[in-house]
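Reviewing the structure listed below.
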Amino acid sequence: MTITIVAPACAFSGFGRTAIELFSRLSERGHTCKFKPVTVEEMLDGRKIDFPQVIKDAFVTKVEGIELVHTPLLWKHLPQTDSATIFTMYESTRIPKQYVDILNMYKNVVTPTKWNSEVFGDSGVTSGRYVANLGVDKETFGPPPVTGSNQSLCVFGSAAWLKPSQRRKNFVALMTAWRAAFPGIKDVRLHLKALPGDALPDFRDDRVVVDKSFMQPYQLANWYRGLSAFVSTSRCEGWNLMAHEAMACYVPVISHREGAHREILSHGGCFPCWAKMVPHSKTDADFGFDWEIDIDDLVDAMRFVHQDATEAKIRGKIAQERSRMFTWEKTIDRIEEVMNA
């Protein structure tokens, strides 16, 4: 069948990266894929980050065949055909009526987690609701090479594109916990992965390593493999792609288990922290709530990893096993099922 994917043409955003996977893997299944870019973003703080040429060659200005929209909810993208499917998500316990009304214009609404689907339903979405978990490229994100050396440092890492989501990613909580957990401790490091143009404070701590370069997936996988634990202080996620990628690289995750994390960060592959419910928006109560991670719990979890490297490695192995439950093959199976419904 002919499928037009309507999405941002952007190789460095979560939605853009997923759109690349959808195009590539649906094409591998024999579908004729077209791509209608909602935006084209190939410049990141003055650097050119190319979108795949094979997809640019398939750019169209009008939907052909089946319409599969993959855009952020807040973009308010309207369907162009009566049978359109939207694959989207959001990061709070409720969505306002203006977004519900747009989702109800679609024949099908697909989300990556059951939690997100339930939030949409409870908010008033009546279109057909389906769940298609996201995957990771298992050829790229996998175990580190076997070596005889032992890592002498305990390395924590966190990663995000901060420019569009500084408050939600909540690096402030991470830095507060880091300073409380390891004052003057020499054998710990904190690696922060951001993107060009992201604003980060001067931490004045030689143990904190900030990398704001753009990384290709294989480079990102190597970055994950250098961690003892991946820390996500995000208030909420519709999925949490980077935590999933870290898990696939045998890295345990420290975070809360609310929202979408209930489905991803479970089965023993993480160090769970408590979190309290807080208003998602300072100006619009109709967005409901998200979660603020408990600093004391976060401190305890980070100290545990530092003190027990063996347990951290055990949980990293469990995390990798959990990550294998979510594959792009299953994602595409589900998307095809929805489009054929």
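Quick note on naming: the chains in the structure tokens go A, B, ... in the order shown, residues restart at 1 in each chain, and ligands are numbered from 1 in order of appearance.
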
Secondary structure check, strand (DSSP E or B) residues of segment 50-133 of chain A, as a ChimeraX atom specification: /A:59,66-69,85-87,108-111,128-131

Per-residue DSSP, segment 71-248 of chain A, filtered to helix (DSSP H, G or I), as a PyMOL selection string: chain A and resi 73-75+97-103+114-123+166-169+171-181+217-225+241-248

Could you make a table, as JSON lines, of the residues of segment 70-180 of chain A that have an atom within 9 Å of an atom of segment 324-336 of chain A, each with its nearest atom pair and distance in Å to one decimal, counting only C-alpha atoms, in chain and number order?
```
{"residue": "A:Phe87", "atom": "CA", "partner": "A:Ile335", "partner_atom": "CA", "distance": 8.9}
{"residue": "A:Val110", "atom": "CA", "partner": "A:Ile335", "partner_atom": "CA", "distance": 8.3}
{"residue": "A:Pro112", "atom": "CA", "partner": "A:Thr331", "partner_atom": "CA", "distance": 8.8}
{"residue": "A:Tyr130", "atom": "CA", "partner": "A:Arg334", "partner_atom": "CA", "distance": 8.4}
{"residue": "A:Val131", "atom": "CA", "partner": "A:Arg334", "partner_atom": "CA", "distance": 7.7}
{"residue": "A:Ala132", "atom": "CA", "partner": "A:Thr331", "partner_atom": "CA", "distance": 5.3}
{"residue": "A:Asn133", "atom": "CA", "partner": "A:Thr331", "partner_atom": "CA", "distance": 5.8}
{"residue": "A:Leu134", "atom": "CA", "partner": "A:Thr331", "partner_atom": "CA", "distance": 5.9}
{"residue": "A:Gly135", "atom": "CA", "partner": "A:Thr327", "partner_atom": "CA", "distance": 4.1}
{"residue": "A:Val136", "atom": "CA", "partner": "A:Thr327", "partner_atom": "CA", "distance": 6.1}
{"residue": "A:Asp137", "atom": "CA", "partner": "A:Trp328", "partner_atom": "CA", "distance": 7.3}
{"residue": "A:Lys138", "atom": "CA", "partner": "A:Thr327", "partner_atom": "CA", "distance": 8.1}
```

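Residues lying within 10 Å of Lys107 of chain A, counting only C-alpha atoms and ignoring same-chain neighbours fewer than 6 positions away, are Pro79, Thr81, Asp82, Ser83, Ala84, Thr85, Ile86, Thr126, Ser127, Gly128, Arg129, Val338 and Met339 of chain A.
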
Would you save the residues from that selection as a PDB file, in the first residue's frame, using C-alpha atoms?
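Okay, selection-v2.pdb is ready:
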```
ATOM      1  CA  PRO A  79      -5.894  15.407   9.281  1.00  0.00           C
ATOM      2  CA  THR A  81      -8.031  12.669   4.803  1.00  0.00           C
ATOM      3  CA  ASP A  82     -11.057  10.988   6.375  1.00  0.00           C
ATOM      4  CA  SER A  83      -9.162   7.806   7.280  1.00  0.00           C
ATOM      5  CA  ALA A  84      -6.063   9.404   8.816  1.00  0.00           C
ATOM      6  CA  THR A  85      -4.218   7.830  11.745  1.00  0.00           C
ATOM      7  CA  ILE A  86      -2.208   9.892  14.209  1.00  0.00           C
ATOM      8  CA  THR A 126     -13.527   8.761  21.198  1.00  0.00           C
ATOM      9  CA  SER A 127     -11.622   7.824  18.026  1.00  0.00           C
ATOM     10  CA  GLY A 128     -10.273   4.292  17.773  1.00  0.00           C
ATOM     11  CA  ARG A 129      -7.455   4.073  20.321  1.00  0.00           C
ATOM     12  CA  VAL A 338      -4.252  -0.290  12.691  1.00  0.00           C
ATOM     13  CA  MET A 339      -4.037   0.914   9.097  1.00  0.00           C
TER      14      MET A 339
END
```

For segment 24-41 of chain A, list every protein, DNA or RNA residue within 6 Å, evaluated using only C-alpha atoms, and leave out those in the same chain fewer than 2 positions away; present the list as a ChimeraX atom specification. /A:1-10,21-22,43,58-61

Would you export the selected residues with N, CA and C atoms as a compact mmCIF listing (two decimals), in the first residue's frame, please?
```txt
# COMPACT_ATOMS: atom_id res chain seq x y z
N MET A 1 0.84 -1.19 0.00
CA MET A 1 0.00 0.00 0.00
C MET A 1 0.88 1.24 0.00
N THR A 2 0.31 2.36 -0.42
CA THR A 2 1.01 3.64 -0.37
C THR A 2 0.68 4.34 0.94
N ILE A 3 1.71 4.75 1.66
CA ILE A 3 1.55 5.39 2.96
C ILE A 3 2.30 6.71 2.94
N THR A 4 1.63 7.78 3.31
CA THR A 4 2.30 9.06 3.47
C THR A 4 2.47 9.34 4.95
N ILE A 5 3.73 9.44 5.36
CA ILE A 5 4.05 9.77 6.74
C ILE A 5 4.15 11.30 6.85
N VAL A 6 3.35 11.86 7.71
CA VAL A 6 3.32 13.30 7.92
C VAL A 6 4.00 13.58 9.25
N ALA A 7 5.18 14.20 9.22
CA ALA A 7 5.99 14.31 10.44
C ALA A 7 7.05 15.38 10.25
N PRO A 8 7.72 15.76 11.34
CA PRO A 8 8.85 16.68 11.19
C PRO A 8 10.04 15.99 10.53
N ALA A 9 10.65 16.66 9.59
CA ALA A 9 11.88 16.16 8.97
C ALA A 9 13.04 16.68 9.80
N CYS A 10 13.41 15.90 10.82
CA CYS A 10 14.39 16.36 11.80
C CYS A 10 15.10 15.14 12.37
N GLU A 21 12.41 5.87 11.45
CA GLU A 21 12.22 4.42 11.64
C GLU A 21 10.93 3.95 10.96
N LEU A 22 9.86 4.70 11.11
CA LEU A 22 8.59 4.31 10.50
C LEU A 22 8.73 4.23 8.98
N MET A 43 19.16 22.47 10.70
CA MET A 43 20.18 23.33 11.30
C MET A 43 20.01 23.31 12.81
N ALA A 58 11.61 11.27 -1.18
CA ALA A 58 10.19 10.86 -1.16
C ALA A 58 9.27 11.96 -0.65
N PHE A 59 9.80 13.19 -0.51
CA PHE A 59 8.97 14.30 -0.04
C PHE A 59 7.81 14.56 -1.01
N VAL A 60 6.63 14.81 -0.46
CA VAL A 60 5.47 15.19 -1.24
C VAL A 60 4.80 16.38 -0.57
N THR A 61 3.98 17.08 -1.31
CA THR A 61 3.26 18.23 -0.76
C THR A 61 1.80 17.90 -0.47
```

Residue with the minimum atom-to-atom distance to Glu321 of chain A, picked from A:Thr283, A:Gln219, A:Ser213, A:Ser266 with only C-alpha atoms counted, is A:Ser266

Name the residues in contact with Gly197 of chain A at a cut-off of 12 Å, using only C-alpha atoms, excluding same-chain residues fewer than 5 positions from it; report them as JSON, numbers by chain. {"A": [43, 44, 45, 46, 47, 161, 162, 163, 164, 211, 212, 213, 214]}

Here is a test: counting only C-alpha atoms, which residue of A:Phe287, A:Arg204, A:Ala312, A:Met215 is nearest to Ser123 of chain A? A:Phe287

Mind checking which residues fall within 8 Å of segment 152-155 of chain A, counting only C-alpha atoms, ignoring those fewer than 3 positions away in the same chain, and posting them as a short mmCIF file (atom, residue, chain, number, x, y, z; two decimals) with C-alpha atoms, in the first residue's frame?
```cif
data_model
loop_
_atom_site.label_atom_id
_atom_site.label_comp_id
_atom_site.auth_asym_id
_atom_site.auth_seq_id
_atom_site.Cartn_x
_atom_site.Cartn_y
_atom_site.Cartn_z
CA ASP A 187 35.65 8.31 41.92
CA VAL A 188 32.31 9.51 40.52
CA ARG A 189 31.45 11.38 37.34
CA LEU A 190 28.30 12.91 35.91
CA HIS A 191 28.04 12.97 32.11
CA GLY A 226 30.27 4.23 29.37
CA LEU A 227 27.67 4.74 32.11
CA SER A 228 27.15 2.90 35.38
CA ALA A 229 23.54 4.15 35.43
CA VAL A 305 24.91 2.38 42.48
CA HIS A 306 28.20 3.93 43.63
#
```

Cut-off 8 Å: closest segment 59-131 of chain A/segment 237-256 of chain A atom pairs per residue, using only C-alpha atoms, as JSON lines:
```
{"residue": "A:Met89", "atom": "CA", "partner": "A:Gly238", "partner_atom": "CA", "distance": 5.3}
{"residue": "A:Tyr90", "atom": "CA", "partner": "A:Gly238", "partner_atom": "CA", "distance": 5.2}
{"residue": "A:Glu91", "atom": "CA", "partner": "A:Glu237", "partner_atom": "CA", "distance": 5.0}
{"residue": "A:Pro112", "atom": "CA", "partner": "A:Trp239", "partner_atom": "CA", "distance": 6.5}
{"residue": "A:Thr113", "atom": "CA", "partner": "A:Trp239", "partner_atom": "CA", "distance": 7.0}
{"residue": "A:Asn116", "atom": "CA", "partner": "A:Gly238", "partner_atom": "CA", "distance": 6.7}
```

Emit the selected residues as a JSON list (two decimals), in the first residue's frame, including N, CA and C atoms.
```
[["chain", "number", "residue", "atom", "x", "y", "z"],
["A", 89, "MET", "N", 1.64, 11.41, 21.42],
["A", 89, "MET", "CA", 1.71, 11.14, 22.86],
["A", 89, "MET", "C", 1.71, 12.48, 23.59],
["A", 90, "TYR", "N", 1.54, 12.41, 24.91],
["A", 90, "TYR", "CA", 1.73, 13.60, 25.73],
["A", 90, "TYR", "C", 2.15, 13.17, 27.12],
["A", 91, "GLU", "N", 2.58, 14.15, 27.93],
["A", 91, "GLU", "CA", 3.28, 13.83, 29.18],
["A", 91, "GLU", "C", 2.57, 14.35, 30.43],
["A", 112, "PRO", "N", 2.19, 5.31, 22.31],
["A", 112, "PRO", "CA", 3.18, 4.27, 22.59],
["A", 112, "PRO", "C", 2.96, 3.50, 23.89],
["A", 113, "THR", "N", 2.09, 3.99, 24.77],
["A", 113, "THR", "CA", 1.85, 3.30, 26.03],
["A", 113, "THR", "C", 0.36, 3.21, 26.34],
["A", 116, "ASN", "N", -0.79, 6.38, 28.25],
["A", 116, "ASN", "CA", -1.14, 7.52, 27.41],
["A", 116, "ASN", "C", -2.51, 7.33, 26.76]]
```

All residues 9 Å or closer to His280 of chain A, only C-alpha atoms, same chain fewer than 4 positions away omitted, as a ChimeraX atom specification: /A:91-93,168,235,284-285,287-291

Any chance you could export the current selection's N, CA and C atoms as a compact mmCIF listing (two decimals), in the first residue's frame?
```
# COMPACT_ATOMS: atom_id res chain seq x y z
N GLU A 91 2.58 14.15 27.93
CA GLU A 91 3.28 13.83 29.18
C GLU A 91 2.57 14.35 30.43
N SER A 92 1.25 14.32 30.45
CA SER A 92 0.54 14.73 31.66
C SER A 92 -0.69 13.85 31.84
N THR A 93 -1.38 14.02 32.98
CA THR A 93 -2.50 13.15 33.32
C THR A 93 -3.80 13.54 32.64
N ARG A 168 10.52 20.34 31.90
CA ARG A 168 10.07 18.95 32.02
C ARG A 168 11.24 18.00 32.25
N ARG A 235 9.95 15.02 34.53
CA ARG A 235 8.68 15.02 35.26
C ARG A 235 7.73 13.97 34.69
N ASP A 284 -2.24 26.52 32.84
CA ASP A 284 -3.41 25.82 32.32
C ASP A 284 -3.67 24.56 33.12
N ALA A 285 -4.63 24.63 34.05
CA ALA A 285 -4.94 23.49 34.92
C ALA A 285 -5.54 22.32 34.15
N PHE A 287 -4.35 20.71 31.87
CA PHE A 287 -3.33 19.70 31.55
C PHE A 287 -3.10 18.71 32.68
N GLY A 288 -3.77 18.90 33.80
CA GLY A 288 -3.63 17.94 34.88
C GLY A 288 -2.28 18.02 35.57
N PHE A 289 -1.69 16.84 35.80
CA PHE A 289 -0.50 16.76 36.64
C PHE A 289 0.61 15.96 35.96
N ASP A 290 1.82 16.16 36.47
CA ASP A 290 2.92 15.24 36.21
C ASP A 290 3.63 15.00 37.54
N TRP A 291 4.90 14.61 37.54
CA TRP A 291 5.53 14.16 38.78
C TRP A 291 6.89 14.81 39.00
```
